[in-house]
Every structure is written in C-alpha cells, then in structure tokens.
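Participant: My file is final-v2.txt. It has compact mmCIF, C-alpha atoms:
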# COMPACT_ATOMS: atom_id res chain seq x y z
CA MET A 292 113.17 77.03 -21.98
CA LYS A 293 111.77 79.27 -24.69
CA ARG A 294 108.01 78.87 -24.82
CA PHE A 295 105.74 79.39 -27.79
CA CYS A 296 103.10 82.04 -27.26
CA TYR A 297 101.18 84.57 -29.30
CA SER A 298 103.85 87.18 -28.60
CA LEU A 299 106.11 85.27 -30.96
CA PHE A 300 103.94 86.59 -33.80
CA MET A 301 104.85 90.11 -32.83
CA ASP A 302 108.34 89.70 -31.44
CA ASP A 303 109.99 87.17 -33.74
CA GLN A 304 107.96 86.40 -36.84
CA LYS A 305 110.94 84.97 -38.72
CA ALA A 306 111.45 82.46 -35.90
CA LEU A 307 107.79 81.54 -36.14
CA ALA A 308 108.12 81.04 -39.90
CA GLN A 309 111.04 78.69 -39.25
CA GLN A 310 109.04 76.69 -36.72
CA LEU A 311 106.04 76.47 -39.04
CA PHE A 312 108.34 75.31 -41.82
CA HIS A 313 110.19 72.79 -39.65
CA PRO A 314 108.81 72.41 -36.11
CA ASP A 315 111.58 71.39 -33.75
CA GLY A 316 112.01 70.66 -30.06
CA ASP A 317 109.77 71.90 -27.26
CA VAL A 318 108.76 75.03 -29.15
CA GLY A 319 107.99 72.88 -32.19
CA ARG A 320 105.70 70.68 -30.15
CA GLU A 321 103.77 73.73 -28.95
CA VAL A 322 103.55 74.95 -32.53
CA GLY A 323 102.19 71.48 -33.40
CA VAL A 324 99.48 71.86 -30.77
CA LYS A 325 98.53 75.20 -32.30
CA MET A 326 98.61 73.68 -35.80
CA ALA A 327 96.04 71.11 -34.71
CA GLU A 328 93.77 73.93 -33.56
CA TRP A 329 94.33 76.31 -36.49
CA ASN A 330 94.15 73.68 -39.22
CA ALA A 331 91.12 71.75 -37.96
CA PRO A 332 88.54 73.58 -40.11
CA ALA A 333 90.88 73.60 -43.12
CA ASN A 334 91.51 69.86 -42.74
CA ALA A 335 87.76 69.20 -42.73
CA PHE A 336 87.30 71.43 -45.80
CA VAL A 337 90.05 69.69 -47.79
CA ILE A 338 88.91 66.20 -46.84
CA ASP A 339 85.44 67.14 -48.08
CA CYS A 340 86.92 68.42 -51.35
CA LEU A 341 88.69 65.09 -51.88
CA ASP A 342 85.51 62.98 -51.74
CA ILE A 343 87.41 60.16 -50.01
CA GLN A 344 86.00 56.66 -50.51
CA PRO A 345 86.23 53.71 -48.07
CA ALA A 346 88.85 51.80 -50.11
CA ASP A 347 90.99 54.79 -51.11
CA HIS A 348 94.74 54.95 -50.59
CA VAL A 349 95.47 58.46 -49.36
CA LEU A 350 98.68 60.43 -48.79
CA GLU A 351 99.05 63.57 -46.69
CA ILE A 352 102.12 65.74 -47.30
CA GLY A 353 103.23 67.66 -44.22
CA PHE A 354 100.98 65.87 -41.75
CA GLY A 355 102.05 67.92 -38.71
CA PRO A 356 100.58 66.56 -35.46
CA GLY A 357 98.55 63.97 -37.38
CA GLU A 358 94.98 65.09 -36.82
CA ALA A 359 93.93 64.87 -40.49
CA LEU A 360 95.54 61.45 -40.82
CA ALA A 361 93.31 60.16 -38.03
CA GLU A 362 90.17 61.43 -39.75
CA VAL A 363 91.18 60.04 -43.15
CA ALA A 364 91.91 56.65 -41.57
CA ARG A 365 88.41 56.68 -40.12
CA LEU A 366 86.98 57.33 -43.59
CA THR A 367 88.96 54.55 -45.30
CA PRO A 368 88.19 51.31 -43.42
CA GLN A 369 89.14 49.22 -46.48
CA GLY A 370 91.89 51.59 -47.62
CA PHE A 371 95.29 52.81 -46.50
CA VAL A 372 96.71 56.13 -45.29
CA ALA A 373 100.29 57.35 -45.59
CA GLY A 374 101.92 60.56 -44.44
CA ILE A 375 105.25 62.24 -45.09
CA ASP A 376 106.77 65.10 -43.09
CA HIS A 377 110.33 66.36 -42.71
CA SER A 378 110.05 67.20 -39.01
CA GLU A 379 111.04 64.57 -36.44
CA THR A 380 109.05 66.51 -33.84
CA MET A 381 105.87 66.24 -35.93
CA MET A 382 106.60 62.59 -36.61
CA LYS A 383 106.63 61.89 -32.87
CA MET A 384 103.42 63.87 -32.30
CA ALA A 385 101.64 62.10 -35.15
CA GLU A 386 102.81 58.71 -33.89
CA GLU A 387 101.41 59.52 -30.45
CA ARG A 388 98.11 60.65 -31.98
CA ASN A 389 97.75 57.58 -34.23
CA THR A 390 99.43 54.79 -32.27
CA ARG A 391 96.66 52.23 -32.67
CA ALA A 392 96.18 52.84 -36.41
CA ILE A 393 99.94 52.54 -36.97
CA ILE A 394 100.10 49.25 -35.04
CA GLN A 395 97.19 47.98 -37.14
CA ASP A 396 99.07 48.95 -40.35
CA LYS A 397 96.29 51.38 -41.17
CA ILE A 398 98.61 54.41 -41.20
CA GLU A 399 102.23 54.56 -42.31
CA LEU A 400 104.36 57.60 -41.46
CA THR A 401 107.54 58.52 -43.32
CA LEU A 402 110.21 61.07 -42.42
CA GLY A 403 111.16 62.72 -45.68
CA ASP A 404 110.77 65.57 -48.15
CA ALA A 405 107.98 66.15 -50.66
CA SER A 406 110.52 66.83 -53.42
CA SER A 407 111.53 63.15 -53.44
CA MET A 408 109.00 60.79 -51.91
CA PRO A 409 109.80 57.10 -51.35
CA PHE A 410 106.56 55.71 -52.75
CA ALA A 411 105.91 53.74 -55.92
CA ASP A 412 104.32 55.29 -59.00
CA ASP A 413 100.51 55.25 -59.11
CA SER A 414 100.19 54.49 -55.38
CA PHE A 415 97.40 56.81 -54.24
CA HIS A 416 93.84 57.69 -55.13
CA LYS A 417 94.06 60.97 -53.20
CA ILE A 418 96.89 63.27 -52.08
CA PHE A 419 96.50 66.41 -50.00
CA ALA A 420 98.47 69.07 -48.13
CA VAL A 421 97.17 71.78 -45.80
CA ASN A 422 99.18 75.00 -45.46
CA VAL A 423 102.28 73.38 -46.94
CA ALA A 424 102.56 74.50 -50.58
CA HIS A 425 103.61 78.02 -49.62
CA PHE A 426 106.89 76.48 -48.40
CA TRP A 427 107.66 74.98 -51.84
CA LYS A 428 110.22 77.20 -53.52
CA ASP A 429 109.72 75.52 -56.91
CA PRO A 430 106.29 73.87 -56.67
CA LEU A 431 106.70 72.06 -59.98
CA VAL A 432 109.15 69.72 -58.26
CA GLU A 433 106.72 68.65 -55.54
CA LEU A 434 103.77 68.70 -57.92
CA GLY A 435 105.66 66.45 -60.32
CA GLU A 436 106.10 64.00 -57.47
CA CYS A 437 102.39 64.21 -56.64
CA ARG A 438 101.45 63.48 -60.24
CA ARG A 439 103.82 60.51 -60.29
CA LEU A 440 102.27 59.05 -57.16
CA LEU A 441 98.64 59.53 -58.18
CA LYS A 442 96.71 56.75 -59.83
CA VAL A 443 95.03 57.61 -63.12
CA GLY A 444 91.93 59.61 -62.18
CA GLY A 445 93.37 60.31 -58.73
CA ARG A 446 92.91 63.73 -57.12
CA LEU A 447 95.30 66.21 -55.52
CA ALA A 448 94.06 68.92 -53.14
CA LEU A 449 96.19 71.76 -51.78
CA PHE A 450 94.91 74.21 -49.18
CA LEU A 451 96.39 77.63 -48.43
CA VAL A 452 95.16 80.76 -46.74
CA ARG A 453 95.24 83.98 -48.72
CA PRO A 454 98.60 85.86 -48.55
CA PRO A 455 97.22 88.87 -46.64
CA MET A 456 96.75 86.55 -43.66
CA TYR A 457 100.51 86.19 -43.17
CA PRO A 458 102.94 88.68 -41.61
CA ALA A 459 105.28 90.37 -44.09
CA ALA A 460 108.24 88.94 -42.17
CA PHE A 461 107.27 85.44 -43.32
CA SER A 462 108.23 86.31 -46.90
CA GLN A 463 111.47 87.85 -45.66
CA SER A 464 112.42 84.56 -43.99
CA GLY A 465 113.38 82.98 -47.32
CA LEU A 466 111.22 79.97 -46.41
CA PHE A 467 107.75 81.23 -47.24
CA PHE A 468 106.35 82.01 -50.70
CA PRO A 469 102.85 83.54 -50.59
CA ARG A 470 100.61 82.30 -53.40
CA GLU A 471 97.23 83.38 -54.71
CA PRO A 472 94.68 80.82 -55.96
CA ASP A 473 95.22 81.60 -59.66
CA THR A 474 98.97 81.15 -59.29
CA LEU A 475 98.58 77.78 -57.62
CA GLU A 476 96.09 76.68 -60.26
CA GLN A 477 98.62 77.52 -62.98
CA PHE A 478 101.31 75.48 -61.23
CA LEU A 479 99.02 72.43 -61.18
CA ARG A 480 98.33 72.79 -64.90
CA GLU A 481 102.02 73.16 -65.68
CA ALA A 482 102.67 69.98 -63.69
CA GLY A 483 100.33 68.11 -66.04
CA LEU A 484 97.25 67.83 -63.85
CA GLN A 485 93.79 68.01 -65.39
CA ASN A 486 90.40 69.43 -64.37
CA VAL A 487 92.10 72.01 -62.17
CA SER A 488 89.74 74.15 -60.10
CA LYS A 489 89.60 76.14 -56.88
CA ILE A 490 87.12 76.62 -54.07
CA ALA A 491 87.41 79.56 -51.66
CA LYS A 492 85.93 79.69 -48.18
CA VAL A 493 85.95 82.13 -45.28
CA PHE A 494 87.11 80.65 -41.98
CA PRO A 495 87.36 82.20 -38.50
CA PHE A 496 91.03 82.95 -39.23
CA GLY A 497 90.31 84.52 -42.64
CA GLU A 498 89.90 83.44 -46.25
CA GLY A 499 91.39 80.19 -47.46
CA PHE A 500 91.20 78.25 -50.70
CA CYS A 501 91.57 74.70 -51.96
CA VAL A 502 92.98 74.00 -55.41
CA THR A 503 92.33 70.55 -56.84
CA GLY A 504 93.55 68.69 -59.91
CA GLU A 505 93.40 65.18 -61.32
CA LYS A 506 95.81 62.88 -63.09
Now, as a test, write the supplied structure out as structure tokens.
Facilitator:
Amino acid sequence: MKRFCYSLFMDDQKALAQQLFHPDGDVGREVGVKMAEWNAPANAFVIDCLDIQPADHVLEIGFGPGEALAEVARLTPQGFVAGIDHSETMMKMAEERNTRAIIQDKIELTLGDASSMPFADDSFHKIFAVNVAHFWKDPLVELGECRRLLKVGGRLALFLVRPPMYPAAFSQSGLFFPREPDTLEQFLREAGLQNVSKIAKVFPFGEGFCVTGEK
C-alpha cells in the first residue's frame, strides 16, 4: 500500500495536489490526519474572524476531517452546523470525529460540490472555508452560492496561505490556482459581498490570510 509521507512533497507533488483536492482511500485518510494538524491554527484564526454566536447557523465548505466542525458546534449550543465536502474519505473521517453531534442533529454533513450546494437560500449566518478557495477555478461560481446561502448581514470567511508557500508543481496540476489577498478580495466584491476586508497572520507554516465579506 502506498503510504503518505513527507517525501511525497518532494517526489510526487502533483499526486499530493490531487490528494489535497480530493482525498481518497488510505493515502487520503493519512492526508486528512495531516490536514487536521496543519489547519488547526488556521481553523482557530478563521473561527475568531467569524465572531460566531451561540444561536448561529454555520456552514463549512470543504470540512476535511471535521475538526473545525467540532469546534463550531461547541460554540453554537443553540445553533446548527452544516458541512459540505466532495470527498467520501473526508466524509467518513468527519463522521467518525463528530458521531455524537451528528446523532444529536447538531451537525449535518453533505457529500457535494461548492458550485451547487443543496441548501435553501438565506440559510446561514456564517460560512467559512479553510485552504479550499485555491481549488476554485472560477471562484465567482462558488462565491455566488455562498452569497445565496447567507442570511442578510451574514458573514463569509475564506482562509488561504500565501502562494509562495506552495510548490510550483501544484499550479501545474491543473487543480490549484494560487491567489493573493487582493485578488480574493476582488472576487468577493464581484460576487456582490459588502464590507470586504482581509487580515493577514504569520503561522508556524508561513503567512496566511483571511478574507471576509458580508451579504
């Protein structure tokens, strides 16, 4: 069985890009374990940027192994948390991580794509995605969906690390589209979001940024 390890960064970066885009199988599960580790500080940063309230309805796009979902559920005792991801492997990992909350109807997981999400208009107070928007070939499609799903006054937060943090082979994969903060801000404005702003922060893995906008 092929095992995920740090050598994959050096030996097969395109394969790593594919697994980050769509984790699958045993290797995908190991990538999910690494995602939980790598994204932990970014998840905390984005959740802080969202100013989540106890009764909020919150959606995470690309929930991966489900660590952020668990934290958001803890913060919304009178609210509701939903997640959508297109990877069956991540769905299984997130279900394992959040079994009790799912049984209690506190978290609902959906297998699907951010370009066409099966939720009603004006469903969520907050929507967020961590290290996902660089996989959106035409972000206005996904951002249009986010705007549709947000309640009036609701907030969207997207986190990405700065492009220099990624191997050049990621861009050559055809799956990954590096984006700077100003570019992502402009996409949010073009999608019709208001009060768009960005916050940058230096993490152990390098510089990342969160872009937020409101409906």
Participant: Axis-aligned box over every listed atom of range 441-453 of chain A, padded by 3 Å per side: centre and edges in Å to one decimal, as AutoDock Vina command-line options?
Facilitator:
--center_x 95.3 --center_y 70.4 --center_z -54.9 --size_x 12.7 --size_y 33.2 --size_z 22.4
Participant: Fewer than 4 positions away in the same chain doesn't count, so skip those; otherwise give me all residues within 9 Å of Gly403 in chain A, counting only C-alpha atoms, as a list of chain:residue names.
Facilitator: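 Close residues of Gly403 in chain A: A:Ile375, A:Asp376, A:His377, A:Ser378, A:Ser407, A:Met408, A:Pro409.
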Participant: Neighbourhood query: residues within 9 Å of (87.6, 78.5, -41.4), file coordinates, counting only C-alpha atoms; return as a VMD selection string.
Facilitator: chain A and resid 329 to 333 336 492 to 499
Participant: Ranking A:Ile394, A:Leu311, A:Met382, A:Cys340 by minimum distance to Phe419 in chain A and counting all atoms listed in the file, which one comes first?
Facilitator: A:Cys340
Participant: Between A:Leu366, A:Val443, A:Ala482, A:Val423, which has the minimum distance to Arg470 in chain A (counting all atoms listed in the file)?
Facilitator: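 Going through A:Leu366, A:Val443, A:Ala482, A:Val423 one by one, the smallest distance to Arg470 in chain A is for A:Val423.
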Participant: Hey, can you check how far CA of His313 in chain A sits from CA of Leu440 in chain A?
Facilitator: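 Between CA of His313 in chain A and CA of Leu440 in chain A the gap works out to 23.6 Å.
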Participant: Ranking A:Ala327, A:Leu341, A:Leu400, A:Ala411 by minimum distance to Gly445 in chain A and counting all atoms listed in the file, which one comes first?
Facilitator: A:Leu341
Participant: Looking at all atoms listed in the file, which of A:Glu481, A:Glu399, A:Met384, A:Arg391 is the one that sits closest to Pro430 in chain A?
Facilitator: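 Ranking A:Glu481, A:Glu399, A:Met384, A:Arg391 by distance to Pro430 in chain A, first place goes to A:Glu481.
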Participant: Between A:His425, A:Lys325, A:Gln309, A:Arg438, which has the minimum distance to Pro472 in chain A (counting all atoms listed in the file)?
Facilitator: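 That would be A:His425, the residue with the smallest distance to Pro472 in chain A.
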Participant: What is the CA of Val421 in chain A-CA of Phe450 in chain A distance in Å, reported with one decimal?
Facilitator: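 That distance, rounded to one decimal, is 4.7 Å.
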